[in-house]
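Structure file protein.cif (mmCIF, C-alpha atoms) follows.
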```
data_final
#
loop_
_atom_site.label_atom_id
_atom_site.label_comp_id
_atom_site.auth_asym_id
_atom_site.auth_seq_id
_atom_site.Cartn_x
_atom_site.Cartn_y
_atom_site.Cartn_z
CA MET A 13 -40.87 48.31 -51.33
CA ALA A 14 -40.54 51.72 -49.74
CA ASP A 15 -37.90 53.93 -51.27
CA PHE A 16 -35.71 55.36 -48.50
CA GLY A 17 -33.56 57.27 -50.94
CA PHE A 18 -30.49 55.08 -50.37
CA LYS A 19 -28.55 53.62 -53.25
CA ILE A 20 -25.61 51.28 -53.51
CA LYS A 21 -22.68 53.27 -54.77
CA GLN A 22 -20.28 51.82 -57.30
CA THR A 23 -16.85 51.30 -55.72
CA ARG A 24 -14.02 53.54 -56.89
CA SER A 25 -11.63 50.69 -56.28
CA PHE A 26 -10.46 48.77 -59.32
CA ASN A 27 -9.17 45.23 -59.45
CA LEU A 28 -5.85 45.03 -61.25
CA SER A 29 -6.19 41.26 -61.65
CA GLN A 30 -9.37 41.79 -63.67
CA ALA A 31 -8.11 44.76 -65.68
CA ASP A 32 -7.76 44.40 -69.44
CA LEU A 33 -4.09 45.28 -69.82
CA ARG A 34 -3.82 44.50 -73.53
CA LYS A 35 -3.77 48.15 -74.58
CA ALA A 36 -1.35 49.01 -71.77
CA ASP A 37 0.95 46.17 -72.78
CA ARG A 38 0.79 47.27 -76.41
CA LEU A 39 1.68 50.81 -75.34
CA LEU A 40 4.78 49.50 -73.56
CA GLU A 41 5.74 47.58 -76.70
CA GLU A 42 5.30 50.63 -78.94
CA VAL A 43 7.06 53.02 -76.53
CA PRO A 44 9.56 50.89 -74.60
CA SER A 45 11.06 53.94 -72.88
CA TYR A 46 7.78 54.25 -70.95
CA ARG A 47 8.82 51.25 -68.83
CA LEU A 48 11.28 53.61 -67.15
CA CYS A 49 8.64 56.08 -65.88
CA ILE A 50 8.96 56.74 -62.15
CA GLY A 51 5.87 58.95 -61.88
CA CYS A 52 7.81 62.05 -60.84
CA GLY A 53 5.33 64.43 -62.48
CA GLY A 54 7.93 66.46 -64.36
CA CYS A 55 5.82 66.07 -67.51
CA THR A 56 2.73 67.48 -65.81
CA ALA A 57 4.69 70.33 -64.24
CA THR A 58 5.91 71.63 -67.58
CA CYS A 59 2.77 70.83 -69.59
CA SER A 60 1.44 73.74 -71.67
CA ALA A 61 -2.12 72.40 -71.58
CA ARG A 62 -1.91 72.02 -67.81
CA GLN A 63 -1.58 75.81 -67.46
CA PHE A 64 -5.11 76.32 -68.81
CA THR A 65 -6.96 73.05 -68.14
CA ASP A 66 -6.99 70.29 -65.53
CA PHE A 67 -5.14 68.00 -67.95
CA ASP A 68 -2.68 65.88 -65.95
CA ILE A 69 -0.57 63.87 -68.38
CA ARG A 70 1.26 62.04 -65.58
CA LYS A 71 -2.01 60.82 -64.15
CA VAL A 72 -3.38 59.98 -67.61
CA HIS A 73 -0.50 57.71 -68.57
CA ASN A 74 -0.27 56.13 -65.10
CA THR A 75 -4.02 55.39 -65.29
CA PHE A 76 -3.69 53.99 -68.82
CA ARG A 77 -0.93 51.69 -67.61
CA ARG A 78 -3.26 50.13 -65.03
CA GLY A 79 -5.82 49.37 -67.73
CA GLN A 80 -8.37 52.01 -66.64
CA TYR A 81 -9.12 53.63 -70.00
CA ASP A 82 -12.47 55.36 -69.30
CA LYS A 83 -12.53 59.06 -70.16
CA LEU A 84 -8.84 59.07 -71.11
CA ALA A 85 -9.57 59.68 -74.82
CA ASP A 86 -11.34 62.95 -73.95
CA GLU A 87 -8.51 63.94 -71.64
CA LEU A 88 -5.85 63.28 -74.25
CA ARG A 89 -7.55 65.69 -76.65
CA LYS A 90 -6.35 68.53 -74.41
CA CYS A 91 -2.72 67.85 -75.35
CA MET A 92 -1.29 70.13 -78.04
CA LEU A 93 1.70 67.88 -78.71
CA CYS A 94 4.16 70.67 -77.94
CA GLY A 95 6.63 68.06 -76.63
CA LYS A 96 7.93 69.93 -73.59
CA CYS A 97 7.17 66.86 -71.44
CA THR A 98 9.58 64.82 -73.54
CA LEU A 99 12.29 67.44 -73.04
CA VAL A 100 12.07 67.44 -69.24
CA CYS A 101 11.61 63.71 -68.54
CA PRO A 102 14.54 62.55 -66.32
CA ARG A 103 14.07 58.95 -67.46
CA GLY A 104 14.10 59.69 -71.17
CA VAL A 105 10.50 58.61 -71.78
CA ASN A 106 9.33 59.57 -75.26
CA LEU A 107 6.14 61.19 -73.99
CA ARG A 108 5.08 62.74 -77.26
CA SER A 109 5.13 59.33 -78.89
CA LEU A 110 3.41 57.92 -75.81
CA ILE A 111 0.52 60.38 -76.18
CA ILE A 112 0.11 59.73 -79.89
CA ASN A 113 0.09 55.98 -79.25
CA MET A 114 -2.43 56.28 -76.42
CA ARG A 115 -4.69 58.31 -78.69
CA GLN A 116 -4.44 55.70 -81.42
CA LEU A 117 -5.11 52.81 -79.05
CA LEU A 118 -8.17 54.63 -77.71
CA THR A 119 -9.62 55.49 -81.13
CA PRO A 120 -12.96 53.65 -81.48
CA SER A 121 -12.03 52.59 -85.01
CA ASN A 122 -8.94 50.86 -83.66
CA GLU A 123 -9.99 47.23 -83.73
CA THR A 124 -6.75 45.76 -82.48
CA PHE A 125 -8.51 44.65 -79.31
CA MET B 7 46.87 42.23 -25.51
CA THR B 8 43.92 39.89 -26.09
CA ILE B 9 40.85 41.10 -27.94
CA ALA B 10 37.37 39.63 -27.88
CA ILE B 11 35.10 40.01 -30.88
CA ILE B 12 31.47 39.16 -30.34
CA GLY B 13 29.80 37.95 -33.52
CA ALA B 14 31.41 36.06 -36.41
CA GLY B 15 29.59 37.76 -39.25
CA PRO B 16 31.29 39.87 -41.92
CA ALA B 17 32.13 42.60 -39.38
CA GLY B 18 33.61 40.29 -36.76
CA ILE B 19 35.62 38.23 -39.22
CA GLU B 20 37.00 41.18 -41.18
CA ALA B 21 38.05 42.96 -37.99
CA ALA B 22 39.59 39.74 -36.64
CA SER B 23 41.64 39.28 -39.79
CA VAL B 24 43.12 42.77 -39.43
CA LEU B 25 43.72 42.57 -35.67
CA ALA B 26 45.29 39.11 -35.90
CA LYS B 27 48.33 40.70 -37.55
CA GLN B 28 49.31 42.03 -34.12
CA TYR B 29 47.09 40.57 -31.43
CA GLN B 30 45.44 37.44 -30.11
CA VAL B 31 41.77 37.47 -31.09
CA ILE B 32 38.96 35.35 -29.66
CA LEU B 33 35.85 35.36 -31.81
CA PHE B 34 32.57 34.41 -30.12
CA GLU B 35 29.70 33.20 -32.30
CA ARG B 36 26.20 32.39 -31.11
CA GLU B 37 25.35 30.04 -34.01
CA GLU B 38 26.86 26.69 -34.96
CA ARG B 39 28.79 28.25 -37.80
CA PRO B 40 29.89 31.76 -38.78
CA LEU B 41 28.33 34.01 -41.45
CA CYS B 42 24.79 32.61 -41.24
CA ASN B 43 23.20 35.84 -42.48
CA ILE B 44 25.33 35.84 -45.63
CA ARG B 45 24.90 32.12 -46.27
CA ASP B 46 21.11 32.66 -46.25
CA LYS B 47 21.46 34.77 -49.37
CA ALA B 48 21.67 33.62 -52.97
CA PHE B 49 23.23 36.58 -54.76
CA LEU B 50 24.38 39.96 -53.54
CA PHE B 51 23.47 43.40 -54.84
CA PRO B 52 24.57 45.26 -56.87
CA ASP B 53 26.78 42.86 -58.86
CA PHE B 54 24.81 39.59 -58.43
CA SER B 55 27.94 37.91 -57.10
CA SER B 56 27.48 34.68 -55.15
CA ALA B 57 26.86 35.08 -51.42
CA ASP B 58 28.47 31.73 -50.68
CA GLU B 59 31.64 32.77 -52.49
CA LEU B 60 31.90 35.88 -50.34
CA ALA B 61 31.22 33.82 -47.22
CA ASP B 62 33.94 31.33 -48.22
CA LYS B 63 36.37 34.17 -48.82
CA LEU B 64 35.63 35.70 -45.43
CA GLU B 65 35.69 32.36 -43.68
CA SER B 66 39.13 31.57 -45.10
CA LYS B 67 40.46 34.62 -43.23
CA LEU B 68 39.74 32.81 -39.99
CA SER B 69 42.54 30.30 -40.51
CA HIS B 70 45.15 32.44 -38.79
CA GLU B 71 47.16 31.26 -35.83
CA ASN B 72 46.15 34.31 -33.78
CA ILE B 73 42.40 33.80 -34.26
CA THR B 74 40.36 31.43 -32.10
CA LEU B 75 36.77 30.93 -33.20
CA LYS B 76 34.27 29.74 -30.59
CA THR B 77 30.99 28.77 -32.29
CA ALA B 78 27.74 28.01 -30.46
CA THR B 79 29.06 30.22 -27.69
CA PRO B 80 26.72 33.14 -27.05
CA VAL B 81 28.05 35.88 -24.83
CA VAL B 82 25.27 36.68 -22.36
CA SER B 83 26.77 39.52 -20.34
CA MET B 84 29.79 41.75 -20.09
CA GLN B 85 31.25 43.76 -17.25
CA ARG B 86 34.02 46.31 -17.06
CA THR B 87 36.65 46.32 -14.33
CA GLY B 88 38.94 49.30 -14.80
CA GLU B 89 40.15 49.18 -18.39
CA GLN B 90 39.33 45.51 -18.91
CA TRP B 91 36.16 43.66 -19.85
CA THR B 92 34.96 40.35 -18.48
CA LEU B 93 32.63 38.38 -20.75
CA THR B 94 30.31 35.63 -19.56
CA THR B 95 29.13 33.02 -22.05
CA ALA B 96 25.93 30.96 -21.90
CA ASP B 97 27.66 28.02 -20.18
CA GLY B 98 28.77 30.31 -17.35
CA THR B 99 32.43 30.56 -18.39
CA THR B 100 34.06 33.94 -17.91
CA ALA B 101 37.14 35.43 -19.53
CA THR B 102 38.81 38.83 -19.32
CA PHE B 103 39.97 40.90 -22.29
CA ASP B 104 41.84 44.12 -22.95
CA ALA B 105 39.40 45.23 -25.59
CA VAL B 106 36.01 44.11 -26.88
CA LEU B 107 34.56 44.65 -30.34
CA LEU B 108 30.80 44.33 -30.55
CA ALA B 109 29.86 42.91 -33.94
CA THR B 110 26.58 41.35 -32.94
CA GLY B 111 24.66 42.51 -35.98
CA TYR B 112 20.96 42.54 -36.75
CA LYS B 113 17.92 40.33 -37.03
CA VAL B 114 15.01 40.80 -39.40
CA PHE B 115 11.76 42.37 -38.27
CA ASP B 116 9.18 39.86 -37.07
CA ALA B 117 6.44 40.13 -39.73
CA HIS B 118 3.84 38.56 -37.40
CA GLN B 119 3.64 41.97 -35.76
CA LYS B 120 1.97 43.41 -38.86
CA GLU B 121 -1.12 41.24 -38.46
CA GLU B 122 -3.06 43.05 -41.18
CA LEU B 123 -0.57 41.73 -43.75
CA GLY B 124 -1.42 38.14 -42.85
CA TYR B 125 2.02 36.69 -42.24
CA GLY B 126 1.63 33.40 -40.38
CA ILE B 127 -2.10 33.46 -41.22
CA TYR B 128 -2.18 33.04 -45.00
CA LYS B 129 0.24 30.65 -46.64
CA GLY B 130 0.82 32.92 -49.62
CA VAL B 131 2.36 35.63 -47.43
CA ILE B 132 6.11 35.17 -46.98
CA THR B 133 9.08 37.29 -45.96
CA SER B 134 11.97 38.46 -48.13
CA LEU B 135 14.17 35.95 -46.29
CA GLU B 136 11.92 33.08 -47.39
CA MET B 137 11.91 34.42 -50.96
CA GLU B 138 15.71 34.55 -50.89
CA LYS B 139 15.75 30.87 -49.88
CA MET B 140 13.43 29.98 -52.78
CA ILE B 141 15.68 31.87 -55.21
CA LYS B 142 18.77 30.18 -53.81
CA GLU B 143 17.22 26.72 -54.13
CA ASN B 144 15.90 27.54 -57.59
CA ASN B 145 12.48 26.60 -56.30
CA ILE B 146 10.14 29.60 -56.51
CA ARG B 147 6.68 28.15 -55.82
CA ASN B 148 3.31 29.27 -54.49
CA ASN B 149 1.63 27.34 -51.70
CA MET B 150 0.12 24.88 -54.20
CA ASN B 151 3.66 24.08 -55.34
CA GLU B 152 3.12 25.74 -58.74
CA ILE B 153 5.25 28.36 -60.42
CA PRO B 154 3.63 31.64 -59.34
CA LYS B 155 1.80 33.69 -61.96
CA GLN B 156 2.11 36.85 -59.91
CA ILE B 157 4.41 37.89 -57.10
CA VAL B 158 3.83 41.09 -55.16
CA PHE B 159 6.50 42.70 -53.01
CA LEU B 160 5.72 45.17 -50.24
CA GLN B 161 8.46 47.51 -49.06
CA CYS B 162 8.98 48.96 -45.59
CA VAL B 163 7.54 46.17 -43.44
CA GLY B 164 8.71 47.11 -39.96
CA SER B 165 10.67 50.09 -41.27
CA ARG B 166 9.58 53.73 -41.56
CA ASP B 167 6.51 52.67 -39.65
CA GLU B 168 5.46 54.27 -36.43
CA LYS B 169 3.02 51.43 -35.79
CA SER B 170 5.96 49.01 -35.62
CA GLY B 171 7.84 51.42 -33.38
CA ASN B 172 10.55 51.80 -36.02
CA HIS B 173 10.84 55.26 -37.52
CA TYR B 174 14.08 54.46 -39.33
CA CYS B 175 14.73 53.26 -42.88
CA SER B 176 16.32 49.82 -43.10
CA LYS B 177 18.32 50.94 -46.10
CA VAL B 178 18.83 47.61 -47.89
CA CYS B 179 15.24 46.44 -48.56
CA CYS B 180 14.56 48.68 -51.59
CA VAL B 181 17.44 47.32 -53.58
CA THR B 182 16.94 43.79 -52.20
CA ALA B 183 13.40 43.72 -53.62
CA VAL B 184 14.71 44.91 -56.98
CA LYS B 185 17.41 42.23 -56.84
CA GLN B 186 14.90 39.50 -55.97
CA ALA B 187 12.48 40.71 -58.66
CA ILE B 188 15.23 40.42 -61.26
CA GLU B 189 16.17 36.94 -59.99
CA ILE B 190 12.53 35.84 -60.22
CA LYS B 191 12.29 37.19 -63.77
CA LYS B 192 15.50 35.39 -64.72
CA GLN B 193 14.13 32.09 -63.43
CA HIS B 194 10.51 32.62 -64.57
CA PRO B 195 10.13 35.32 -67.24
CA GLU B 196 6.36 34.69 -67.43
CA THR B 197 5.75 35.61 -63.80
CA ASP B 198 4.36 39.11 -63.26
CA VAL B 199 6.26 40.92 -60.53
CA TYR B 200 4.92 44.00 -58.75
CA ILE B 201 6.76 46.08 -56.17
CA PHE B 202 4.63 48.30 -53.92
CA TYR B 203 6.71 51.10 -52.41
CA MET B 204 6.49 54.37 -50.48
CA ASP B 205 9.80 55.67 -51.87
CA LEU B 206 12.51 53.78 -53.66
CA ARG B 207 15.78 54.68 -52.02
CA MET B 208 18.44 53.66 -54.51
CA TRP B 209 21.33 55.22 -52.63
CA GLY B 210 24.28 53.03 -53.56
CA GLN B 211 26.48 52.84 -56.59
CA GLY B 212 24.80 50.70 -59.21
CA PHE B 213 21.44 50.61 -57.41
CA GLU B 214 19.64 53.09 -59.66
CA GLU B 215 20.99 51.20 -62.66
CA MET B 216 19.53 47.98 -61.24
CA TYR B 217 16.18 49.71 -60.79
CA ARG B 218 16.25 50.88 -64.41
CA GLU B 219 17.21 47.40 -65.58
CA ALA B 220 14.35 45.86 -63.58
CA GLN B 221 11.93 48.21 -65.35
CA GLU B 222 13.40 48.25 -68.82
CA LYS B 223 14.82 44.77 -69.36
CA TYR B 224 12.75 42.64 -67.00
CA GLY B 225 9.41 44.50 -67.06
CA VAL B 226 8.98 44.60 -63.29
CA SER B 227 6.02 46.84 -62.35
CA PHE B 228 6.43 49.41 -59.64
CA VAL B 229 3.36 50.73 -57.84
CA ARG B 230 3.67 53.70 -55.52
CA GLY B 231 1.42 52.88 -52.59
CA ARG B 232 1.49 50.99 -49.34
CA ILE B 233 -0.52 47.77 -49.10
CA SER B 234 -2.89 48.27 -46.21
CA GLU B 235 -4.15 44.74 -45.80
CA ALA B 236 -4.01 41.23 -47.22
CA ALA B 237 -6.71 38.58 -47.29
CA SER B 238 -7.07 35.08 -48.64
CA THR B 239 -9.00 34.35 -51.83
CA PHE B 240 -11.21 31.29 -52.24
CA ASP B 241 -8.44 29.65 -54.31
CA ASN B 242 -5.79 30.09 -51.63
CA ARG B 243 -4.14 33.10 -53.15
CA VAL B 244 -3.64 36.48 -51.56
CA GLN B 245 -5.79 39.53 -52.23
CA ILE B 246 -4.15 42.81 -51.43
CA LYS B 247 -5.62 46.26 -50.97
CA ALA B 248 -3.67 49.41 -51.73
CA GLU B 249 -3.92 52.89 -53.15
CA ASP B 250 -2.18 53.48 -56.45
CA THR B 251 -1.18 56.95 -55.32
CA LEU B 252 -0.04 58.00 -58.79
CA MET B 253 -3.53 57.27 -60.11
CA GLY B 254 -5.24 58.45 -56.97
CA ASN B 255 -7.41 55.33 -56.90
CA PRO B 256 -7.90 52.51 -54.45
CA MET B 257 -7.06 49.14 -55.97
CA THR B 258 -7.12 45.46 -55.22
CA MET B 259 -5.29 42.62 -56.89
CA ASN B 260 -4.79 38.91 -56.44
CA SER B 261 -1.37 37.37 -56.23
CA ASP B 262 0.12 33.93 -55.70
CA LEU B 263 2.64 35.32 -53.27
CA LEU B 264 2.96 38.45 -51.17
CA VAL B 265 6.58 39.03 -50.17
CA LEU B 266 7.08 41.27 -47.14
CA MET B 267 10.38 43.15 -47.25
CA VAL B 268 11.21 42.86 -43.57
CA GLY B 269 13.54 45.50 -42.18
CA MET B 270 16.63 45.23 -40.01
CA CYS B 271 16.30 45.34 -36.22
CA ALA B 272 18.88 44.99 -33.47
CA SER B 273 19.70 41.33 -32.86
CA GLU B 274 19.14 39.91 -29.37
CA GLY B 275 22.90 39.96 -28.81
CA THR B 276 23.12 43.60 -29.86
CA ALA B 277 20.21 44.63 -27.65
CA THR B 278 21.26 42.65 -24.57
CA LEU B 279 24.97 43.41 -24.63
CA SER B 280 24.71 47.10 -25.49
CA LYS B 281 22.26 47.52 -22.62
CA CYS B 282 24.51 45.50 -20.33
CA ALA B 283 27.49 47.70 -21.21
CA GLY B 284 25.48 50.91 -20.95
CA ILE B 285 25.85 51.92 -24.59
CA ASP B 286 22.30 51.16 -25.75
CA GLY B 287 20.97 53.61 -28.31
CA LEU B 288 17.83 54.10 -30.35
CA TYR B 289 15.68 51.10 -31.26
CA ARG B 290 17.85 48.75 -29.14
CA PHE B 291 20.88 49.27 -31.42
CA ALA B 292 24.31 50.05 -29.92
CA GLN B 293 25.29 53.73 -29.70
CA SER B 294 28.59 54.99 -31.07
CA LEU B 295 30.24 58.12 -29.74
CA SER B 296 29.56 60.24 -32.83
CA PRO B 297 28.53 59.42 -36.36
CA HIS B 298 31.36 61.20 -38.17
CA THR B 299 34.78 60.55 -36.71
CA GLU B 300 34.11 58.37 -33.67
CA ASP B 301 31.66 55.90 -35.07
CA ASN B 302 33.59 52.84 -33.89
CA LEU B 303 34.06 54.19 -30.36
CA THR B 304 31.62 54.08 -27.48
CA ALA B 305 31.11 55.95 -24.23
CA GLN B 306 32.94 53.04 -22.54
CA PRO B 307 36.73 52.59 -22.64
CA ASN B 308 38.03 49.70 -24.75
CA LEU B 309 34.59 48.84 -26.10
CA PHE B 310 34.27 49.23 -29.86
CA LEU B 311 31.52 48.78 -32.44
CA ALA B 312 31.43 47.49 -35.99
CA GLY B 313 28.68 46.80 -38.50
CA SER B 314 24.94 46.50 -38.17
CA CYS B 315 24.87 46.42 -34.37
CA LYS B 316 24.79 50.22 -34.77
CA ARG B 317 22.17 50.62 -37.48
CA PRO B 318 21.01 48.94 -40.68
CA MET B 319 24.06 48.46 -42.88
CA CYS B 320 24.83 46.63 -46.12
CA ILE B 321 27.66 44.10 -46.40
CA GLU B 322 30.09 46.42 -48.21
CA ASP B 323 29.71 49.12 -45.57
CA THR B 324 29.94 46.55 -42.80
CA ILE B 325 33.28 45.23 -44.03
CA GLN B 326 34.72 48.71 -44.36
CA ASP B 327 33.39 49.66 -40.95
CA ALA B 328 35.03 46.56 -39.47
CA ARG B 329 38.41 47.58 -40.89
CA ALA B 330 37.95 51.05 -39.44
CA ALA B 331 37.08 49.54 -36.06
CA ALA B 332 40.19 47.35 -36.15
CA LEU B 333 42.34 50.45 -36.79
CA GLU B 334 40.74 52.21 -33.81
CA ILE B 335 41.60 49.25 -31.59
CA MET B 336 45.21 49.13 -32.85
#
```
Output the structure of this file as structure tokens.
Amino acid sequence: MADFGFKIKQTRSFNLSQADLRKADRLLEEVPSYRLCIGCGGCTATCSARQFTDFDIRKVHNTFRRGQYDKLADELRKCMLCGKCTLVCPRGVNLRSLIINMRQLLTPSNETF
Amino acid sequence: MTIAIIGAGPAGIEAASVLAKQYQVILFEREERPLCNIRDKAFLFPDFSSADELADKLESKLSHENITLKTATPVVSMQRTGEQWTLTTADGTTATFDAVLLATGYKVFDAHQKEELGYGIYKGVITSLEMEKMIKENNIRNNMNEIPKQIVFLQCVGSRDEKSGNHYCSKVCCVTAVKQAIEIKKQHPETDVYIFYMDLRMWGQGFEEMYREAQEKYGVSFVRGRISEAASTFDNRVQIKAEDTLMGNPMTMNSDLLVLMVGMCASEGTATLSKCAGIDGLYRFAQSLSPHTEDNLTAQPNLFLAGSCKRPMCIEDTIQDARAAALEIM
């Protein structure tokens, strides 16, 4: 068949009903204060890593929560664990612990799931 | 002096109970019985007190010798002659009063108007009023009569929406969805509940605490994004399309039920009578003289306003507003 140079593009849309939320649910169990996140972005605004990279911790944890884990492990390496995000969070989310737990859950050797 | 109050909801009844201390009050009600909008509810925010108990309490105030309640008597028009008002009811009867208090209230937005959300097309799409009924009857079911595995709420249906012609915020839907989500979780802890919102406006005392409790204790999921459309799945559930704006990604999900949080609009009585009396304001609500100190007065003499005939209002505010209106009349 003639190649017209057209391809079918993968959709950017994800289906929450088909998402594997086991890691996200475990994260909420390990860091219960994360349930209270309202996505205000205070954590990203104060983030030390954000000043030098495109690391967006608010987006990373919101994405994790929806079960979309691709590329998040690489992103989370940009965090220096300074803990400023935890200090500013208006909802008292323990972000530092959240980041450490996300890293652990995304470690390939973690065979929990 | 004889006073007519149009509408026997919380505003009309509360005002009547105050005015009856000094005056003869005739209370006109369109429906067969008073307080229909409260009796539709199961529990009230923010204290989860029983709606029926409040309705009973209010209704008991009607048993005063100076109050006459006329149910199933809609007032269809009103006319001023000098300082007095003549009301005409649906059966053609007229009566003249020294003062009239409009307490004609609201109705909910007709969700059929938002066709893309599938209300009246797909069985799994219901309104917040229908969800309230299910909660009250302890009978939360999907359209296959099973306990729902997922329930999705959508805020701002017919509110803050230019396409519906309503720019305003209906004020009570945010906290109502949180209340209903908590009720669902109390009855069925295994059901996943999602609330899709544009903003969550937790303005009242105790509201923010309810929101926190919904997240922390009941595990209700909040998604910031407006559902753009709903469709049916092959297994009779609802598929919704939205943008998770915090992720910056389009998403879909399937749900047993989609609950549309319908906003508050002017009731037919509010729209007709305020127009008839020449005090019609924005969005067919009645217009008070000024929002700060003359909110119960109108541009017409001896015509007063109380409650949600002016704008979306919660029950607490309505009752207080009714007392204020009664004081203005006295």
Please list, as a ChimeraX atom specification, the residues that have an atom at most 9 Å away from (-10.1, 44.3, -51.2) in the coordinates of this file, counting all atoms listed in the file. /A:25,27 /B:235-237,245-248,257-259
Mind pulling up the distance from atom CA of Val72 of chain A to atom CA of Val100 of chain A?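 Straight-line distance from atom CA of Val100 of chain A to atom CA of Val72 of chain A works out to 17.2 Å.
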With the PyMOL selection byres ((chain A) within 6 of (chain B)) as the selection, what would be picked from this file? Answer as a list of chain:residue names, please. A:Ser25, A:Phe26, A:Asn27, A:Leu28, A:Ser29, A:Arg47, A:Leu48, A:Lys71, A:Thr75
Centre and size of axis-aligned box enclosing segment 82-90 of chain B plus 4 Å each side, as AutoDock Vina command-line options:
```
--center_x 32.7 --center_y 43.0 --center_z -18.3 --size_x 22.9 --size_y 20.6 --size_z 16.0
```
Nearby residues (only C-alpha atoms) at most 12 Å from Ile112 of chain A, same-chain spacing under 2 positions excluded, as a list in words: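 What passes the distance filter is Leu39, Glu42, Val43, His73, Ala85, Leu88, Arg89, Cys91, Met92, Leu93, Cys94, Gly95, Asn106, Leu107, Arg108, Ser109, Leu110, Met114, Arg115, Gln116, Leu117, Leu118 and Thr119 of chain A.
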Serialized selection, C-alpha atoms, as a PDB file, in the frame of the given file:
```
ATOM      1  CA  LEU A  39       1.680  50.810 -75.340  1.00  0.00           C
ATOM      2  CA  GLU A  42       5.300  50.630 -78.940  1.00  0.00           C
ATOM      3  CA  VAL A  43       7.060  53.020 -76.530  1.00  0.00           C
ATOM      4  CA  HIS A  73      -0.500  57.710 -68.570  1.00  0.00           C
ATOM      5  CA  ALA A  85      -9.570  59.680 -74.820  1.00  0.00           C
ATOM      6  CA  LEU A  88      -5.850  63.280 -74.250  1.00  0.00           C
ATOM      7  CA  ARG A  89      -7.550  65.690 -76.650  1.00  0.00           C
ATOM      8  CA  CYS A  91      -2.720  67.850 -75.350  1.00  0.00           C
ATOM      9  CA  MET A  92      -1.290  70.130 -78.040  1.00  0.00           C
ATOM     10  CA  LEU A  93       1.700  67.880 -78.710  1.00  0.00           C
ATOM     11  CA  CYS A  94       4.160  70.670 -77.940  1.00  0.00           C
ATOM     12  CA  GLY A  95       6.630  68.060 -76.630  1.00  0.00           C
ATOM     13  CA  ASN A 106       9.330  59.570 -75.260  1.00  0.00           C
ATOM     14  CA  LEU A 107       6.140  61.190 -73.990  1.00  0.00           C
ATOM     15  CA  ARG A 108       5.080  62.740 -77.260  1.00  0.00           C
ATOM     16  CA  SER A 109       5.130  59.330 -78.890  1.00  0.00           C
ATOM     17  CA  LEU A 110       3.410  57.920 -75.810  1.00  0.00           C
ATOM     18  CA  MET A 114      -2.430  56.280 -76.420  1.00  0.00           C
ATOM     19  CA  ARG A 115      -4.690  58.310 -78.690  1.00  0.00           C
ATOM     20  CA  GLN A 116      -4.440  55.700 -81.420  1.00  0.00           C
ATOM     21  CA  LEU A 117      -5.110  52.810 -79.050  1.00  0.00           C
ATOM     22  CA  LEU A 118      -8.170  54.630 -77.710  1.00  0.00           C
ATOM     23  CA  THR A 119      -9.620  55.490 -81.130  1.00  0.00           C
TER      24      THR A 119
END
```
At a cut-off of 12 Å from (31.4, 50.4, -39.7) in the coordinates of the file, what residues are picked up using all atoms listed in the file, written as a PyMOL selection string? chain B and resi 16-18+20-21+107-109+111+294+297-303+310-334
If I take atom CA of Ile141 of chain B and atom CA of Ala183 of chain B, how far is one from the other in Å, to one decimal?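 Atom CA of Ala183 of chain B lies at a distance of 12.2 Å from atom CA of Ile141 of chain B.
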